[in-house]
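> run-v7.cif is the file, holding mmCIF, C-alpha atoms and all ligand atoms:
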```
data_structure
loop_
_atom_site.label_atom_id
_atom_site.label_comp_id
_atom_site.auth_asym_id
_atom_site.auth_seq_id
_atom_site.Cartn_x
_atom_site.Cartn_y
_atom_site.Cartn_z
CA MET M 1 -15.64 -55.82 39.70
CA ALA M 2 -19.34 -56.56 39.18
CA SER M 3 -20.74 -55.23 35.92
CA ARG M 4 -24.21 -55.69 34.54
CA ILE M 5 -25.72 -54.15 31.46
CA VAL M 6 -29.38 -53.30 31.01
CA ALA M 7 -31.33 -52.04 28.00
CA GLU M 8 -34.91 -50.88 28.47
CA ASN M 9 -37.44 -50.25 25.72
CA LEU M 10 -34.75 -49.55 23.19
CA SER M 11 -35.81 -48.34 19.76
CA ALA M 12 -33.28 -47.64 17.03
CA GLY M 13 -32.76 -47.75 13.30
CA TYR M 14 -31.08 -46.18 10.32
CA GLY M 15 -32.59 -42.95 9.08
CA ALA M 16 -36.29 -43.45 8.52
CA VAL M 17 -36.05 -47.21 8.96
CA GLN M 18 -36.82 -48.40 12.47
CA VAL M 19 -35.13 -51.70 13.23
CA LEU M 20 -35.43 -52.16 17.01
CA HIS M 21 -38.84 -51.84 18.64
CA GLU M 22 -38.81 -51.36 22.41
CA VAL M 23 -36.22 -54.01 23.10
CA SER M 24 -35.50 -54.80 26.74
CA LEU M 25 -32.60 -57.02 27.71
CA ARG M 26 -30.24 -57.45 30.63
CA VAL M 27 -27.01 -59.28 31.21
CA GLU M 28 -26.26 -59.83 34.87
CA SER M 29 -22.74 -59.70 36.23
CA GLY M 30 -20.83 -62.83 35.24
CA GLU M 31 -23.56 -64.21 33.03
CA THR M 32 -23.21 -65.46 29.47
CA VAL M 33 -26.33 -64.50 27.57
CA VAL M 34 -27.05 -65.39 23.96
CA LEU M 35 -28.99 -63.13 21.61
CA LEU M 36 -30.47 -65.44 19.01
CA GLY M 37 -31.85 -64.22 15.74
CA THR M 38 -31.72 -65.20 12.09
CA ASN M 39 -30.37 -62.81 9.43
CA GLY M 40 -31.58 -59.25 9.48
CA ASN M 41 -33.58 -59.40 12.70
CA GLY M 42 -31.57 -56.75 14.51
CA LYS M 43 -28.84 -58.52 16.50
CA SER M 44 -26.04 -56.30 15.24
CA THR M 45 -28.19 -53.20 15.51
CA LEU M 46 -28.77 -53.94 19.18
CA ILE M 47 -25.08 -54.56 19.79
CA LYS M 48 -24.23 -51.33 17.96
CA CYS M 49 -26.59 -49.46 20.30
CA LEU M 50 -24.95 -50.98 23.37
CA THR M 51 -21.50 -49.92 22.13
CA GLY M 52 -22.38 -46.39 21.02
CA ILE M 53 -21.92 -47.04 17.30
CA ILE M 54 -25.51 -45.98 16.71
CA GLN M 55 -27.69 -44.03 19.12
CA PRO M 56 -31.13 -45.27 20.16
CA THR M 57 -34.08 -43.06 19.25
CA SER M 58 -35.70 -43.89 22.58
CA GLY M 59 -35.23 -46.10 25.60
CA SER M 60 -32.33 -46.40 27.98
CA ILE M 61 -29.09 -48.32 28.31
CA TYR M 62 -27.06 -48.44 31.42
CA LEU M 63 -24.05 -50.15 32.84
CA GLU M 64 -24.03 -50.91 36.54
CA ARG M 65 -20.57 -51.22 38.01
CA ASP M 66 -20.31 -52.08 41.68
CA GLY M 67 -23.71 -50.57 42.28
CA GLU M 68 -22.94 -47.36 40.37
CA ARG M 69 -25.35 -46.80 37.49
CA ILE M 70 -23.82 -45.27 34.36
CA ASN M 71 -25.99 -44.16 31.48
CA LEU M 72 -24.58 -45.38 28.16
CA ALA M 73 -27.02 -43.78 25.73
CA GLY M 74 -25.46 -40.70 24.14
CA ARG M 75 -21.92 -41.85 24.83
CA SER M 76 -19.33 -42.42 22.11
CA PRO M 77 -17.86 -45.85 21.37
CA GLN M 78 -14.58 -44.65 22.86
CA GLU M 79 -16.23 -43.64 26.13
CA ILE M 80 -18.00 -46.97 26.32
CA VAL M 81 -14.75 -48.88 25.79
CA ASN M 82 -13.22 -46.75 28.53
CA LEU M 83 -15.96 -47.97 30.86
CA GLY M 84 -14.80 -51.55 30.35
CA VAL M 85 -17.22 -52.68 27.65
CA ALA M 86 -15.48 -54.33 24.69
CA LEU M 87 -16.84 -55.35 21.32
CA VAL M 88 -15.87 -58.18 19.02
CA PRO M 89 -17.55 -56.81 15.90
CA GLU M 90 -19.33 -58.73 13.20
CA GLY M 91 -16.87 -59.50 10.40
CA ARG M 92 -13.89 -59.01 12.77
CA ARG M 93 -12.86 -55.58 11.43
CA LEU M 94 -9.13 -56.08 11.80
CA PHE M 95 -6.45 -53.81 10.40
CA PRO M 96 -5.38 -56.15 7.59
CA LYS M 97 -2.04 -54.50 6.86
CA LEU M 98 -0.96 -54.46 10.48
CA THR M 99 0.57 -57.43 12.23
CA VAL M 100 -1.20 -59.57 14.79
CA THR M 101 0.70 -57.86 17.60
CA GLU M 102 -0.09 -54.40 16.25
CA ASN M 103 -3.79 -55.25 16.03
CA LEU M 104 -3.72 -56.45 19.62
CA GLU M 105 -1.84 -53.38 20.84
CA LEU M 106 -4.50 -51.16 19.29
CA GLY M 107 -7.04 -52.97 21.46
CA ALA M 108 -5.20 -51.65 24.51
CA PHE M 109 -5.83 -48.02 23.60
CA ARG M 110 -7.90 -47.12 26.63
CA PRO M 111 -5.84 -45.63 29.47
CA ALA M 112 -6.68 -48.35 32.02
CA ALA M 113 -5.59 -51.02 29.54
CA ARG M 114 -2.34 -49.34 28.43
CA GLU M 115 -0.82 -49.91 31.84
CA ARG M 116 -1.62 -53.59 31.58
CA LEU M 117 -0.63 -54.00 27.94
CA LYS M 118 2.30 -56.35 28.55
CA ASP M 119 0.40 -58.63 30.90
CA ASN M 120 -2.66 -58.74 28.68
CA LEU M 121 -0.59 -59.46 25.59
CA ALA M 122 1.02 -62.38 27.39
CA PHE M 123 -2.44 -63.52 28.52
CA CYS M 124 -3.78 -63.39 24.94
CA PHE M 125 -0.80 -65.27 23.53
CA GLU M 126 -1.29 -67.92 26.20
CA ALA M 127 -5.01 -68.16 25.44
CA PHE M 128 -4.33 -68.27 21.68
CA PRO M 129 -0.96 -69.96 21.09
CA ARG M 130 -1.54 -69.72 17.35
CA LEU M 131 -1.45 -65.94 17.62
CA ALA M 132 1.83 -66.10 19.48
CA GLU M 133 3.31 -68.16 16.65
CA ARG M 134 1.96 -65.74 14.09
CA ARG M 135 2.54 -62.51 15.96
CA HIS M 136 4.52 -60.89 13.12
CA GLN M 137 2.13 -61.95 10.36
CA MET M 138 -0.16 -59.40 8.74
CA ALA M 139 -3.67 -59.90 10.09
CA GLY M 140 -5.19 -59.79 6.60
CA SER M 141 -3.22 -62.86 5.57
CA MET M 142 -4.46 -65.01 8.44
CA SER M 143 -7.12 -67.68 7.99
CA GLY M 144 -10.72 -66.91 8.97
CA GLY M 145 -10.40 -68.83 12.22
CA GLU M 146 -7.17 -67.07 13.10
CA GLN M 147 -8.66 -63.68 12.30
CA GLN M 148 -11.54 -64.40 14.66
CA MET M 149 -8.98 -65.19 17.35
CA VAL M 150 -7.30 -61.84 16.70
CA ALA M 151 -10.67 -60.07 16.98
CA VAL M 152 -11.47 -61.71 20.31
CA ALA M 153 -7.95 -61.18 21.65
CA ARG M 154 -8.00 -57.52 20.57
CA ALA M 155 -11.18 -57.01 22.58
CA MET M 156 -9.56 -58.70 25.59
CA MET M 157 -6.62 -56.29 25.29
CA SER M 158 -8.92 -53.48 26.44
CA ASP M 159 -9.17 -55.30 29.77
CA PRO M 160 -12.97 -55.42 29.73
CA GLN M 161 -15.49 -56.43 32.35
CA VAL M 162 -18.21 -56.77 29.72
CA LEU M 163 -17.62 -58.50 26.40
CA LEU M 164 -20.08 -58.15 23.52
CA ILE M 165 -19.49 -60.61 20.70
CA ASP M 166 -21.30 -60.36 17.40
CA GLU M 167 -21.58 -63.75 15.67
CA PRO M 168 -18.21 -65.33 16.37
CA SER M 169 -19.15 -68.44 14.37
CA VAL M 170 -19.66 -66.76 11.00
CA GLY M 171 -17.63 -68.31 8.20
CA LEU M 172 -15.88 -70.87 10.39
CA ALA M 173 -15.81 -74.63 9.92
CA PRO M 174 -17.78 -76.52 12.61
CA ILE M 175 -14.70 -77.65 14.52
CA LEU M 176 -13.41 -74.07 14.67
CA VAL M 177 -16.80 -72.83 15.86
CA SER M 178 -16.65 -75.36 18.70
CA ARG M 179 -13.17 -74.26 19.66
CA MET M 180 -14.07 -70.58 19.51
CA ILE M 181 -17.13 -71.10 21.72
CA GLU M 182 -15.03 -73.08 24.21
CA LYS M 183 -12.44 -70.32 24.19
CA ILE M 184 -15.06 -67.69 24.93
CA LYS M 185 -16.15 -69.72 27.93
CA GLU M 186 -12.56 -70.07 29.06
CA LEU M 187 -11.99 -66.29 28.83
CA HIS M 188 -15.27 -65.72 30.65
CA ASP M 189 -14.21 -68.04 33.47
CA HIS M 190 -10.67 -66.66 33.73
CA ARG M 191 -11.65 -63.02 33.80
CA ALA M 192 -15.11 -63.24 35.40
CA LEU M 193 -16.54 -61.53 32.33
CA THR M 194 -20.12 -60.54 31.67
CA VAL M 195 -20.80 -61.80 28.13
CA LEU M 196 -23.47 -61.06 25.56
CA MET M 197 -23.11 -63.04 22.36
CA ALA M 198 -25.20 -62.63 19.23
CA GLU M 199 -25.45 -65.95 17.40
CA GLN M 200 -27.44 -67.93 14.88
CA ASN M 201 -25.66 -71.15 15.70
CA PHE M 202 -27.99 -72.29 18.45
CA ASN M 203 -26.38 -75.65 19.16
CA GLN M 204 -23.00 -74.08 19.72
CA ALA M 205 -24.14 -70.99 21.60
CA ILE M 206 -26.27 -73.02 23.99
CA LYS M 207 -23.21 -74.93 25.16
CA ILE M 208 -22.03 -71.91 27.11
CA ALA M 209 -25.10 -69.70 27.50
CA ASP M 210 -26.79 -69.36 30.89
CA ARG M 211 -29.92 -68.05 29.20
CA GLY M 212 -30.95 -66.01 26.19
CA TYR M 213 -33.30 -64.00 24.05
CA ILE M 214 -34.74 -64.51 20.60
CA ILE M 215 -35.05 -61.40 18.50
CA VAL M 216 -37.49 -61.40 15.57
CA HIS M 217 -38.11 -58.33 13.42
CA GLY M 218 -36.45 -56.14 16.01
CA GLU M 219 -38.56 -57.33 18.92
CA ILE M 220 -37.75 -59.73 21.72
CA ALA M 221 -39.99 -62.65 20.80
CA PHE M 222 -38.90 -64.94 23.63
CA GLU M 223 -36.85 -64.69 26.76
CA GLY M 224 -35.51 -68.04 27.99
CA GLU M 225 -34.51 -68.00 31.65
CA SER M 226 -32.27 -71.04 31.23
CA ALA M 227 -30.56 -73.04 28.52
CA ASP M 228 -33.26 -75.69 28.91
CA ALA M 229 -36.04 -73.14 28.52
CA LEU M 230 -34.47 -72.17 25.20
CA LYS M 231 -34.00 -75.76 24.05
CA ASN M 232 -37.64 -76.55 24.75
CA ASN M 233 -39.03 -73.43 23.10
CA GLU M 234 -41.15 -74.03 19.98
CA MET M 235 -39.66 -71.07 18.12
CA VAL M 236 -36.14 -72.36 18.76
CA LYS M 237 -37.17 -75.78 17.50
CA GLN M 238 -38.59 -74.26 14.33
CA LEU M 239 -35.98 -71.61 13.60
CA TYR M 240 -32.81 -73.31 14.78
CA LEU M 241 -33.35 -77.02 15.21
CA GLY M 242 -35.13 -77.75 11.96
CA ALA M 243 -38.26 -79.14 13.63
N1 LIG D 1 -26.26 -49.29 7.99
C1 LIG D 1 -27.50 -49.65 7.72
N2 LIG D 1 -28.34 -48.87 6.99
C2 LIG D 1 -29.63 -49.22 6.74
N3 LIG D 1 -30.19 -50.37 7.17
C3 LIG D 1 -29.40 -51.20 7.88
C4 LIG D 1 -28.04 -50.89 8.20
N4 LIG D 1 -27.54 -51.91 8.92
C5 LIG D 1 -28.53 -52.81 9.06
N5 LIG D 1 -29.65 -52.39 8.43
C6 LIG D 1 -30.95 -53.10 8.39
O1 LIG D 1 -31.37 -53.36 9.72
C7 LIG D 1 -31.99 -54.64 9.80
C8 LIG D 1 -31.32 -55.44 10.91
O2 LIG D 1 -29.97 -55.67 10.56
P1 LIG D 1 -28.90 -56.25 11.57
O3 LIG D 1 -27.59 -56.12 10.91
O4 LIG D 1 -29.09 -55.64 12.90
O5 LIG D 1 -29.37 -57.77 11.64
P2 LIG D 1 -28.61 -59.05 12.21
O6 LIG D 1 -29.61 -59.77 13.06
O7 LIG D 1 -27.33 -58.67 12.82
O8 LIG D 1 -28.38 -59.90 10.89
P3 LIG D 1 -27.14 -60.84 10.45
O9 LIG D 1 -27.33 -62.14 11.16
O10 LIG D 1 -27.28 -61.00 8.99
O11 LIG D 1 -25.86 -60.16 10.86
C9 LIG D 1 -31.87 -55.25 8.42
O12 LIG D 1 -33.10 -55.09 7.77
C10 LIG D 1 -30.79 -54.45 7.75
O13 LIG D 1 -30.98 -54.37 6.36
MG MG D 2 -25.42 -59.09 12.40
#
```
So, in terms of structure tokens, how does the structure I just supplied come out?

Amino acid sequence: MASRIVAENLSAGYGAVQVLHEVSLRVESGETVVLLGTNGNGKSTLIKCLTGIIQPTSGSIYLERDGERINLAGRSPQEIVNLGVALVPEGRRLFPKLTVTENLELGAFRPAARERLKDNLAFCFEAFPRLAERRHQMAGSMSGGEQQMVAVARAMMSDPQVLLIDEPSVGLAPILVSRMIEKIKELHDHRALTVLMAEQNFNQAIKIADRGYIIVHGEIAFEGESADALKNNEMVKQLYLGA
């Protein structure tokens, strides 16, 4: 199923504080797009808008599935999950006192995913053998890297077409960041996912991104139409490559 997601002129914030200023962004079906931004520039706020956690004050968001255009603004997070858009939230947000398996099962809450729970659980355990080994362990007692695996696997349990991932690299050792990024690519390839990933780790994100955006103070400061366009951008060199 082809799914693309488009945000146009999105403004949003918290109370009187406006964070996003007329942000436009699209992720075409099957693409992996990176949203680059250093701390506090609005990456998570944008992802929260796309997933219904906060509502934009203006602008539009829609999901296009097989040519059908579905408006996402005004919808609840639950409705958006039901439309096949899954979130791996910043900071993982696991249920620490539940086991790995229980966390994953909760990811399969949406009706379309419940039917496929067994298959998807097997798929996740195959993708993350460590989680299979630790399936009865409480999620809160897992290492940071393992918890990130649970968060990604839980999102996959909702059987999504679109996967939004908010800073998967945070708090992980470099080798684990590499593995997580590779795993995201593998899931993307296996399931023909449409992926939007917020990241600050440019060198890792660029390994799998088709293209990307740089967000600065809640505005899209640069749109790179390819990985090379991003690598050669002056702002990227300054902000992310220490030039
Ligand atoms: N719940 C909130 N209430 C008020 N202000 C908030 C809230 N969440 C975020 N902000 C503010 O919105 C701005 C953008 O934050 P956001 O979390 O979107 O940035 P980010 O790019 O995801 O940063 P980071 O890389 O640190 O996660 C910041 O100035 C932040 O203080
Ligand atoms: Mg964030």
> Pick from M:Phe95, M:Ile5, M:Ser141, M:Leu106: nearest to Thr32 in chain M, with all atoms listed in the file counted?
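Closest to Thr32 in chain M of all the choices is M:Ile5.
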> Would you please work out which residue, of M:Glu90, M:Asp228, M:Glu102, M:Glu133, is nearest to ligand MG 2 (chain D) when using all atoms listed in the file?
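Comparing M:Glu90, M:Asp228, M:Glu102, M:Glu133 against ligand MG 2 (chain D), the winner is M:Glu90.
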> List as a PyMOL selection string the protein and nucleic acid residues lying within 8 Å of ligand MG 2 (chain D), with all atoms listed in the file counted.
chain M and resi 39-40+42-45+90+166-167+198
> Include C-alpha atoms and write out the residues we just selected as a CSV table (one decimal), in the frame of the given file.

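Saved result, part37.csv, follows:
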```csv
chain,number,residue,atom,x,y,z
M,39,ASN,CA,-30.4,-62.8,9.4
M,40,GLY,CA,-31.6,-59.2,9.5
M,42,GLY,CA,-31.6,-56.8,14.5
M,43,LYS,CA,-28.8,-58.5,16.5
M,44,SER,CA,-26.0,-56.3,15.2
M,45,THR,CA,-28.2,-53.2,15.5
M,90,GLU,CA,-19.3,-58.7,13.2
M,166,ASP,CA,-21.3,-60.4,17.4
M,167,GLU,CA,-21.6,-63.8,15.7
M,198,ALA,CA,-25.2,-62.6,19.2
```
> So how far away is CA of Ile165 in chain M from CA of Met138 in chain M, in Å?
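Taking CA of Met138 in chain M and CA of Ile165 in chain M, their separation equals 22.8 Å.
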> To one decimal place in Å, what is the distance between CA of Ile206 in chain M and CA of Ile181 in chain M?
9.6 Å
